[in-house]
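Raw final-v6.pdb, PDB, C-alpha atoms:
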ATOM      1  CA  MET H   1      14.723 -36.235  90.998
ATOM      2  CA  PRO H   2      13.537 -32.906  92.413
ATOM      3  CA  THR H   3      11.222 -30.993  90.116
ATOM      4  CA  LEU H   4      13.656 -28.102  89.610
ATOM      5  CA  LEU H   5      16.458 -30.430  88.527
ATOM      6  CA  LEU H   6      14.089 -32.218  86.164
ATOM      7  CA  VAL H   7      13.107 -28.895  84.589
ATOM      8  CA  PHE H   8      16.748 -27.943  84.048
ATOM      9  CA  ASP H   9      17.466 -31.420  82.680
ATOM     10  CA  LEU H  10      14.657 -31.049  80.133
ATOM     11  CA  ILE H  11      15.878 -27.573  79.200
ATOM     12  CA  GLY H  12      19.325 -29.048  78.598
ATOM     13  CA  ILE H  13      17.778 -31.817  76.489
ATOM     14  CA  PHE H  14      15.884 -29.235  74.421
ATOM     15  CA  VAL H  15      18.793 -26.907  73.698
ATOM     16  CA  PHE H  16      21.201 -29.761  72.932
ATOM     17  CA  ALA H  17      18.618 -31.300  70.615
ATOM     18  CA  LEU H  18      18.215 -27.948  68.869
ATOM     19  CA  SER H  19      21.950 -27.863  68.175
ATOM     20  CA  GLY H  20      21.753 -31.341  66.669
ATOM     21  CA  GLY H  21      18.628 -30.546  64.684
ATOM     22  CA  VAL H  22      19.999 -27.347  63.192
ATOM     23  CA  LEU H  23      23.222 -29.087  62.187
ATOM     24  CA  ALA H  24      21.187 -31.887  60.592
ATOM     25  CA  VAL H  25      19.202 -29.350  58.547
ATOM     26  CA  ARG H  26      22.456 -27.737  57.415
ATOM     27  CA  HIS H  27      23.576 -31.159  56.165
ATOM     28  CA  ARG H  28      20.302 -31.565  54.243
ATOM     29  CA  LEU H  29      19.029 -34.536  56.240
ATOM     30  CA  ASP H  30      15.353 -35.488  55.982
ATOM     31  CA  LEU H  31      12.924 -35.251  58.905
ATOM     32  CA  PHE H  32      13.869 -38.692  60.220
ATOM     33  CA  GLY H  33      17.569 -37.811  60.073
ATOM     34  CA  VAL H  34      16.934 -34.536  61.882
ATOM     35  CA  LEU H  35      15.066 -36.344  64.668
ATOM     36  CA  VAL H  36      17.795 -38.979  64.992
ATOM     37  CA  LEU H  37      20.548 -36.365  65.232
ATOM     38  CA  ALA H  38      18.542 -34.239  67.664
ATOM     39  CA  CYS H  39      17.848 -37.199  69.957
ATOM     40  CA  ALA H  40      21.412 -38.529  69.772
ATOM     41  CA  THR H  41      22.788 -35.109  70.679
ATOM     42  CA  ALA H  42      20.379 -34.727  73.559
ATOM     43  CA  VAL H  43      20.617 -38.094  75.320
ATOM     44  CA  THR H  44      23.984 -39.722  74.559
ATOM     45  CA  GLY H  45      25.940 -38.015  77.343
ATOM     46  CA  GLY H  46      23.263 -38.729  79.922
ATOM     47  CA  ILE H  47      22.972 -42.381  78.911
ATOM     48  CA  VAL H  48      26.734 -42.895  79.223
ATOM     49  CA  ARG H  49      26.707 -41.212  82.636
ATOM     50  CA  ASP H  50      23.772 -43.268  83.939
ATOM     51  CA  VAL H  51      25.281 -46.547  82.739
ATOM     52  CA  LEU H  52      28.604 -45.751  84.419
ATOM     53  CA  ILE H  53      27.035 -44.846  87.775
ATOM     54  CA  GLY H  54      24.568 -47.741  87.694
ATOM     55  CA  ALA H  55      21.402 -45.692  87.219
ATOM     56  CA  ILE H  56      19.643 -48.334  85.118
ATOM     57  CA  PRO H  57      17.619 -47.864  83.010
ATOM     58  CA  PRO H  58      18.998 -44.445  82.018
ATOM     59  CA  ALA H  59      16.692 -41.545  82.793
ATOM     60  CA  SER H  60      16.275 -40.594  79.137
ATOM     61  CA  LEU H  61      14.933 -44.080  78.378
ATOM     62  CA  ALA H  62      12.899 -44.563  81.563
ATOM     63  CA  ASP H  63      11.087 -41.210  81.370
ATOM     64  CA  TRP H  64       9.204 -40.505  78.117
ATOM     65  CA  ARG H  65       9.529 -36.756  78.625
ATOM     66  CA  TYR H  66      13.234 -36.790  77.723
ATOM     67  CA  LEU H  67      12.898 -38.227  74.233
ATOM     68  CA  ALA H  68       9.642 -36.331  73.673
ATOM     69  CA  THR H  69      11.424 -33.063  74.463
ATOM     70  CA  ALA H  70      14.302 -33.980  72.145
ATOM     71  CA  MET H  71      11.919 -34.841  69.305
ATOM     72  CA  LEU H  72       9.996 -31.610  69.846
ATOM     73  CA  ALA H  73      13.244 -29.691  69.450
ATOM     74  CA  GLY H  74      14.039 -31.731  66.332
ATOM     75  CA  VAL H  75      10.686 -30.875  64.778
ATOM     76  CA  ALA H  76      11.196 -27.205  65.642
ATOM     77  CA  SER H  77      14.635 -27.303  64.017
ATOM     78  CA  PHE H  78      13.210 -28.891  60.875
ATOM     79  CA  TYR H  79      10.266 -26.559  60.324
ATOM     80  CA  TRP H  80      11.569 -23.303  61.803
ATOM     81  CA  HIS H  81      15.289 -23.545  61.142
ATOM     82  CA  GLY H  82      15.156 -20.241  59.262
ATOM     83  CA  ILE H  83      14.087 -18.418  62.418
ATOM     84  CA  ILE H  84      16.645 -20.260  64.540
ATOM     85  CA  GLU H  85      19.422 -19.508  62.047
ATOM     86  CA  ARG H  86      18.865 -15.788  62.534
ATOM     87  CA  LEU H  87      20.523 -16.138  65.908
ATOM     88  CA  ARG H  88      24.274 -15.659  65.860
ATOM     89  CA  ASN H  89      25.956 -19.052  65.459
ATOM     90  CA  PRO H  90      22.853 -20.977  66.632
ATOM     91  CA  VAL H  91      24.465 -24.418  66.760
ATOM     92  CA  GLN H  92      27.328 -23.162  68.908
ATOM     93  CA  LEU H  93      25.017 -21.086  71.105
ATOM     94  CA  PHE H  94      22.644 -23.968  71.841
ATOM     95  CA  ASP H  95      25.577 -26.317  72.256
ATOM     96  CA  ALA H  96      27.154 -23.988  74.827
ATOM     97  CA  ALA H  97      23.902 -23.828  76.796
ATOM     98  CA  GLY H  98      23.477 -27.596  76.677
ATOM     99  CA  LEU H  99      27.103 -28.141  77.672
ATOM    100  CA  ALA H 100      26.723 -25.911  80.729
ATOM    101  CA  LEU H 101      23.467 -27.470  81.919
ATOM    102  CA  PHE H 102      24.494 -31.063  81.330
ATOM    103  CA  ALA H 103      27.942 -30.653  82.866
ATOM    104  CA  VAL H 104      26.692 -29.374  86.225
ATOM    105  CA  LEU H 105      23.645 -31.661  86.320
ATOM    106  CA  GLY H 106      25.807 -34.671  85.457
ATOM    107  CA  THR H 107      28.203 -33.812  88.254
ATOM    108  CA  GLY H 108      25.356 -33.341  90.698
ATOM    109  CA  LYS H 109      23.780 -36.688  89.825
ATOM    110  CA  ALA H 110      27.108 -38.503  90.110
ATOM    111  CA  LEU H 111      27.633 -36.965  93.546
ATOM    112  CA  ALA H 112      24.130 -38.029  94.580
ATOM    113  CA  PHE H 113      25.073 -41.611  93.673
ATOM    114  CA  GLY H 114      28.011 -41.494  96.056
ATOM    115  CA  LEU H 115      30.931 -40.861  93.694
ATOM    116  CA  SER H 116      33.922 -38.859  94.874
ATOM    117  CA  PRO H 117      34.151 -35.207  93.778
ATOM    118  CA  PHE H 118      36.943 -36.114  91.324
ATOM    119  CA  ALA H 119      35.001 -38.977  89.735
ATOM    120  CA  ALA H 120      31.829 -36.880  89.666
ATOM    121  CA  THR H 121      33.710 -34.127  87.826
ATOM    122  CA  LEU H 122      34.802 -36.613  85.160
ATOM    123  CA  LEU H 123      31.241 -37.920  84.831
ATOM    124  CA  GLY H 124      29.961 -34.359  84.523
ATOM    125  CA  ILE H 125      32.400 -33.659  81.685
ATOM    126  CA  ILE H 126      31.338 -36.866  79.924
ATOM    127  CA  THR H 127      27.699 -35.868  80.319
ATOM    128  CA  GLY H 128      28.399 -32.456  78.827
ATOM    129  CA  ILE H 129      30.511 -33.490  75.849
ATOM    130  CA  GLY H 130      29.007 -36.891  74.992
ATOM    131  CA  GLY H 131      26.077 -35.576  72.997
ATOM    132  CA  GLY H 132      28.219 -33.183  70.978
ATOM    133  CA  ILE H 133      30.630 -35.970  70.101
ATOM    134  CA  ALA H 134      27.782 -38.216  68.932
ATOM    135  CA  ARG H 135      26.293 -35.366  66.883
ATOM    136  CA  ASP H 136      29.554 -34.541  65.140
ATOM    137  CA  LEU H 137      30.436 -38.166  64.399
ATOM    138  CA  LEU H 138      27.024 -38.810  62.846
ATOM    139  CA  VAL H 139      27.617 -36.024  60.303
ATOM    140  CA  VAL H 140      31.236 -37.115  59.824
ATOM    141  CA  ARG H 141      33.092 -34.126  61.177
ATOM    142  CA  THR H 142      35.801 -33.819  63.813
ATOM    143  CA  PRO H 143      34.124 -33.444  67.216
ATOM    144  CA  VAL H 144      34.324 -29.904  68.546
ATOM    145  CA  VAL H 145      35.856 -31.178  71.789
ATOM    146  CA  LEU H 146      38.891 -32.446  69.836
ATOM    147  CA  GLN H 147      39.418 -29.244  67.896
ATOM    148  CA  HIS H 148      41.957 -26.748  69.191
ATOM    149  CA  THR H 149      40.093 -23.709  67.927
ATOM    150  CA  GLU H 150      38.038 -22.956  71.049
ATOM    151  CA  LEU H 151      37.640 -23.933  74.697
ATOM    152  CA  TYR H 152      35.086 -26.720  75.139
ATOM    153  CA  ALA H 153      35.984 -29.487  77.580
ATOM    154  CA  VAL H 154      37.892 -26.967  79.710
ATOM    155  CA  ALA H 155      34.727 -24.913  80.105
ATOM    156  CA  ALA H 156      32.892 -28.064  81.199
ATOM    157  CA  LEU H 157      35.709 -28.851  83.631
ATOM    158  CA  VAL H 158      35.354 -25.454  85.297
ATOM    159  CA  GLY H 159      31.583 -25.825  85.675
ATOM    160  CA  CYS H 160      31.854 -29.373  87.026
ATOM    161  CA  GLY H 161      34.701 -28.406  89.316
ATOM    162  CA  ILE H 162      32.634 -25.669  90.983
ATOM    163  CA  VAL H 163      29.874 -28.164  91.814
ATOM    164  CA  ALA H 164      32.309 -30.813  93.053
ATOM    165  CA  ILE H 165      34.280 -28.383  95.226
ATOM    166  CA  ALA H 166      31.086 -27.011  96.756
ATOM    167  CA  HIS H 167      30.019 -30.566  97.605
ATOM    168  CA  ALA H 168      33.396 -31.359  99.183
ATOM    169  CA  LEU H 169      33.186 -28.211 101.320
ATOM    170  CA  GLY H 170      29.593 -28.878 102.327
ATOM    171  CA  TRP H 171      28.186 -25.840 100.562
ATOM    172  CA  PRO H 172      24.634 -25.781  99.097
ATOM    173  CA  GLN H 173      24.465 -27.511  95.733
ATOM    174  CA  ALA H 174      21.796 -25.405  94.006
ATOM    175  CA  PRO H 175      23.779 -22.117  94.055
ATOM    176  CA  ALA H 176      26.938 -24.011  93.095
ATOM    177  CA  MET H 177      25.165 -25.508  90.065
ATOM    178  CA  VAL H 178      23.947 -22.076  88.984
ATOM    179  CA  VAL H 179      27.426 -20.560  89.330
ATOM    180  CA  GLY H 180      29.048 -23.541  87.614
ATOM    181  CA  ALA H 181      26.622 -23.436  84.698
ATOM    182  CA  LEU H 182      27.054 -19.688  84.247
ATOM    183  CA  LEU H 183      30.844 -19.949  84.313
ATOM    184  CA  CYS H 184      30.828 -22.845  81.859
ATOM    185  CA  PHE H 185      28.486 -21.065  79.463
ATOM    186  CA  GLY H 186      30.383 -17.792  79.844
ATOM    187  CA  MET H 187      33.735 -19.394  79.040
ATOM    188  CA  ARG H 188      32.336 -21.258  76.047
ATOM    189  CA  PHE H 189      30.527 -18.170  74.769
ATOM    190  CA  MET H 190      33.628 -16.000  75.079
ATOM    191  CA  ALA H 191      35.675 -18.695  73.364
ATOM    192  CA  ILE H 192      33.274 -18.480  70.435
ATOM    193  CA  ARG H 193      33.153 -14.691  70.367
ATOM    194  CA  ARG H 194      36.759 -13.875  71.314
ATOM    195  CA  GLY H 195      38.614 -16.939  70.093
ATOM    196  CA  TRP H 196      39.828 -18.099  73.494
ATOM    197  CA  ARG H 197      41.780 -21.322  73.026
ATOM    198  CA  LEU H 198      44.398 -23.591  74.520
ATOM    199  CA  PRO H 199      47.960 -23.570  73.124
ATOM    200  CA  VAL H 200      48.948 -26.250  70.613
ATOM    201  CA  ALA H 201      52.311 -27.879  69.988
ATOM    202  CA  GLY H 202      54.595 -26.507  67.350
TER
END

When written as structure tokens, how does the structure in this file appear?
Amino acid sequence: MPTLLLVFDLIGIFVFALSGGVLAVRHRLDLFGVLVLACATAVTGGIVRDVLIGAIPPASLADWRYLATAMLAGVASFYWHGIIERLRNPVQLFDAAGLALFAVLGTGKALAFGLSPFAATLLGIITGIGGGIARDLLVVRTPVVLQHTELYAVAALVGCGIVAIAHALGWPQAPAMVVGALLCFGMRFMAIRRGWRLPVAG
């Protein structure tokens, strides 16, 4: 994996793990519980993606830096959660950043393994939302992606779609990933701040 993509992957791991760690602290878990939730949030989506595309062993298990980064974020969440909590809606903010990074990186990796743009988009969405689902289930709450209150998977779809379309048209992938990540994060952030949501029945 090119160095730049690895750096962005580790950044995504860190911010996703922070979202899991902060939520674990809010639920009064001990240090071990915080580390478990941080790691599960950070690597679940990537593991599912890698297994589905045949990238075995998954990157987060083959490269020690992934889990080390997740555990570092977990420790930071445990000892400095007071500082992190001063940010506005820290769990949602870190989750939005992780969603954006993982969605576009997941799509890019799926494309690199020869999947079609449509299949790569689906894999990118799974990469983006998998960690959040694992995090929410471990603390026994309805996953954010299944709640109607704010855009989540749709934001990931937009980010992944930009990368996939650029690939299909033969455009450079790096700028497409940047644009896709920014759009995904922007939509998710505005959904949090402005209450953007999809319609519900009834």

Tell me, counting all atoms listed in the file, for each residue of segment 26-77 of chain H within 10 Å of segment 104-119 of chain H, which pair of atoms is nearest and how far apart they are in Å to one decimal, in rows ordered by chain and increasing number, as CSV.
residue,atom,partner,partner_atom,distance
H:Gly45,CA,H:Gly106,CA,8.8
H:Gly46,CA,H:Gly106,CA,7.3
H:Arg49,CA,H:Gly106,CA,7.2
H:Asp50,CA,H:Ala110,CA,8.5
H:Leu52,CA,H:Ala110,CA,9.3
H:Ile53,CA,H:Ala110,CA,6.8
H:Gly54,CA,H:Phe113,CA,8.6
H:Ala55,CA,H:Phe113,CA,8.5

Could you tell me, as a PDB file with C-alpha atoms, in the coordinates of the input, exactly which residues end up selected when the PyMOL selection byres ((chain H and resi 158) around 12) is applied to this structure?
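What landed in selection.pdb:
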ATOM      1  CA  LEU H  99      27.103 -28.141  77.672  1.00  0.00           C
ATOM      2  CA  ALA H 100      26.723 -25.911  80.729  1.00  0.00           C
ATOM      3  CA  ALA H 103      27.942 -30.653  82.866  1.00  0.00           C
ATOM      4  CA  VAL H 104      26.692 -29.374  86.225  1.00  0.00           C
ATOM      5  CA  THR H 107      28.203 -33.812  88.254  1.00  0.00           C
ATOM      6  CA  THR H 121      33.710 -34.127  87.826  1.00  0.00           C
ATOM      7  CA  LEU H 122      34.802 -36.613  85.160  1.00  0.00           C
ATOM      8  CA  GLY H 124      29.961 -34.359  84.523  1.00  0.00           C
ATOM      9  CA  ILE H 125      32.400 -33.659  81.685  1.00  0.00           C
ATOM     10  CA  GLY H 128      28.399 -32.456  78.827  1.00  0.00           C
ATOM     11  CA  LEU H 151      37.640 -23.933  74.697  1.00  0.00           C
ATOM     12  CA  TYR H 152      35.086 -26.720  75.139  1.00  0.00           C
ATOM     13  CA  ALA H 153      35.984 -29.487  77.580  1.00  0.00           C
ATOM     14  CA  VAL H 154      37.892 -26.967  79.710  1.00  0.00           C
ATOM     15  CA  ALA H 155      34.727 -24.913  80.105  1.00  0.00           C
ATOM     16  CA  ALA H 156      32.892 -28.064  81.199  1.00  0.00           C
ATOM     17  CA  LEU H 157      35.709 -28.851  83.631  1.00  0.00           C
ATOM     18  CA  GLY H 159      31.583 -25.825  85.675  1.00  0.00           C
ATOM     19  CA  CYS H 160      31.854 -29.373  87.026  1.00  0.00           C
ATOM     20  CA  GLY H 161      34.701 -28.406  89.316  1.00  0.00           C
ATOM     21  CA  ILE H 162      32.634 -25.669  90.983  1.00  0.00           C
ATOM     22  CA  VAL H 163      29.874 -28.164  91.814  1.00  0.00           C
ATOM     23  CA  ALA H 164      32.309 -30.813  93.053  1.00  0.00           C
ATOM     24  CA  ILE H 165      34.280 -28.383  95.226  1.00  0.00           C
ATOM     25  CA  ALA H 176      26.938 -24.011  93.095  1.00  0.00           C
ATOM     26  CA  MET H 177      25.165 -25.508  90.065  1.00  0.00           C
ATOM     27  CA  VAL H 179      27.426 -20.560  89.330  1.00  0.00           C
ATOM     28  CA  GLY H 180      29.048 -23.541  87.614  1.00  0.00           C
ATOM     29  CA  ALA H 181      26.622 -23.436  84.698  1.00  0.00           C
ATOM     30  CA  LEU H 182      27.054 -19.688  84.247  1.00  0.00           C
ATOM     31  CA  LEU H 183      30.844 -19.949  84.313  1.00  0.00           C
ATOM     32  CA  CYS H 184      30.828 -22.845  81.859  1.00  0.00           C
ATOM     33  CA  PHE H 185      28.486 -21.065  79.463  1.00  0.00           C
ATOM     34  CA  GLY H 186      30.383 -17.792  79.844  1.00  0.00           C
ATOM     35  CA  MET H 187      33.735 -19.394  79.040  1.00  0.00           C
ATOM     36  CA  ARG H 188      32.336 -21.258  76.047  1.00  0.00           C
TER      37      ARG H 188
END

key: Residues returned when the PyMOL selection byres ((chain H and resi 94) around 10) runs on this file, as a ChimeraX atom specification   = /H:12,14-20,22,89-93,95-100

For the structure provided, state which residues fall under the PyMOL selection byres ((chain H and resi 68-81) around 7), and present them as a compact mmCIF listing (two decimals) with C-alpha atoms, keeping the file's coordinate frame.
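After the write, out22.txt holds the following:
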# COMPACT_ATOMS: atom_id res chain seq x y z
CA LEU H 10 14.66 -31.05 80.13
CA ILE H 13 17.78 -31.82 76.49
CA PHE H 14 15.88 -29.24 74.42
CA ALA H 17 18.62 -31.30 70.61
CA LEU H 18 18.22 -27.95 68.87
CA GLY H 21 18.63 -30.55 64.68
CA VAL H 22 20.00 -27.35 63.19
CA VAL H 25 19.20 -29.35 58.55
CA LEU H 31 12.92 -35.25 58.90
CA VAL H 34 16.93 -34.54 61.88
CA LEU H 35 15.07 -36.34 64.67
CA ALA H 38 18.54 -34.24 67.66
CA CYS H 39 17.85 -37.20 69.96
CA ALA H 42 20.38 -34.73 73.56
CA TRP H 64 9.20 -40.51 78.12
CA ARG H 65 9.53 -36.76 78.62
CA TYR H 66 13.23 -36.79 77.72
CA LEU H 67 12.90 -38.23 74.23
CA GLY H 82 15.16 -20.24 59.26
CA ILE H 83 14.09 -18.42 62.42
CA ILE H 84 16.64 -20.26 64.54
CA GLU H 85 19.42 -19.51 62.05

- Message: With all atoms listed in the file as the counted atoms, please give the residues lying no more than 9 Å from Val139 of chain H, apart from itself and same-chain residues fewer than 5 positions off, as a PyMOL selection string.
- Response: chain H and resi 23-24+27+37+134

Looking at only C-alpha atoms, which of H:Met190, H:Leu6, H:Ile11, H:Leu29 is the one that sits closest to Leu138 of chain H?
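Of the candidates, the smallest distance to Leu138 of chain H is held by H:Leu29.
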
What is the distance, in Å and to one decimal place, between atom CA of Asp63 of chain H and atom CA of Thr44 of chain H?
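Taking atom CA of Asp63 of chain H and atom CA of Thr44 of chain H, their separation equals 14.7 Å.
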
Enter the distance from atom CA of Ala62 of chain H to atom CA of Arg135 of chain H, in Å, rounded to one decimal.
->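 Computing the Euclidean distance for atom CA of Ala62 of chain H and atom CA of Arg135 of chain H yields 21.9 Å.
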
Considering all atoms listed in the file, can you say which of H:Leu198, H:Val178, H:Pro57, H:Thr41 comes closest to Pro143 of chain H?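 Result for the nearest residue to Pro143 of chain H: H:Thr41.
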
| So how far away is atom CA of Phe102 of chain H from atom CA of Gly131 of chain H, in Å? |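 Between atom CA of Gly131 of chain H and atom CA of Phe102 of chain H the gap is 9.6 Å.
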
Per-axis box centre and lengths in Å around segment 81-91 of chain H, 6 Å margin per side, axis-aligned, as lines of an AutoDock Vina configuration file:
center_x = 20.0
center_y = -20.0
center_z = 63.0
size_x = 23.9
size_y = 20.8
size_z = 19.5

Residue with the minimum atom-to-atom distance to His167 of chain H, picked from H:Gln147, H:Ala120, H:Arg141, H:Thr127 with all atoms listed in the file counted, is H:Ala120
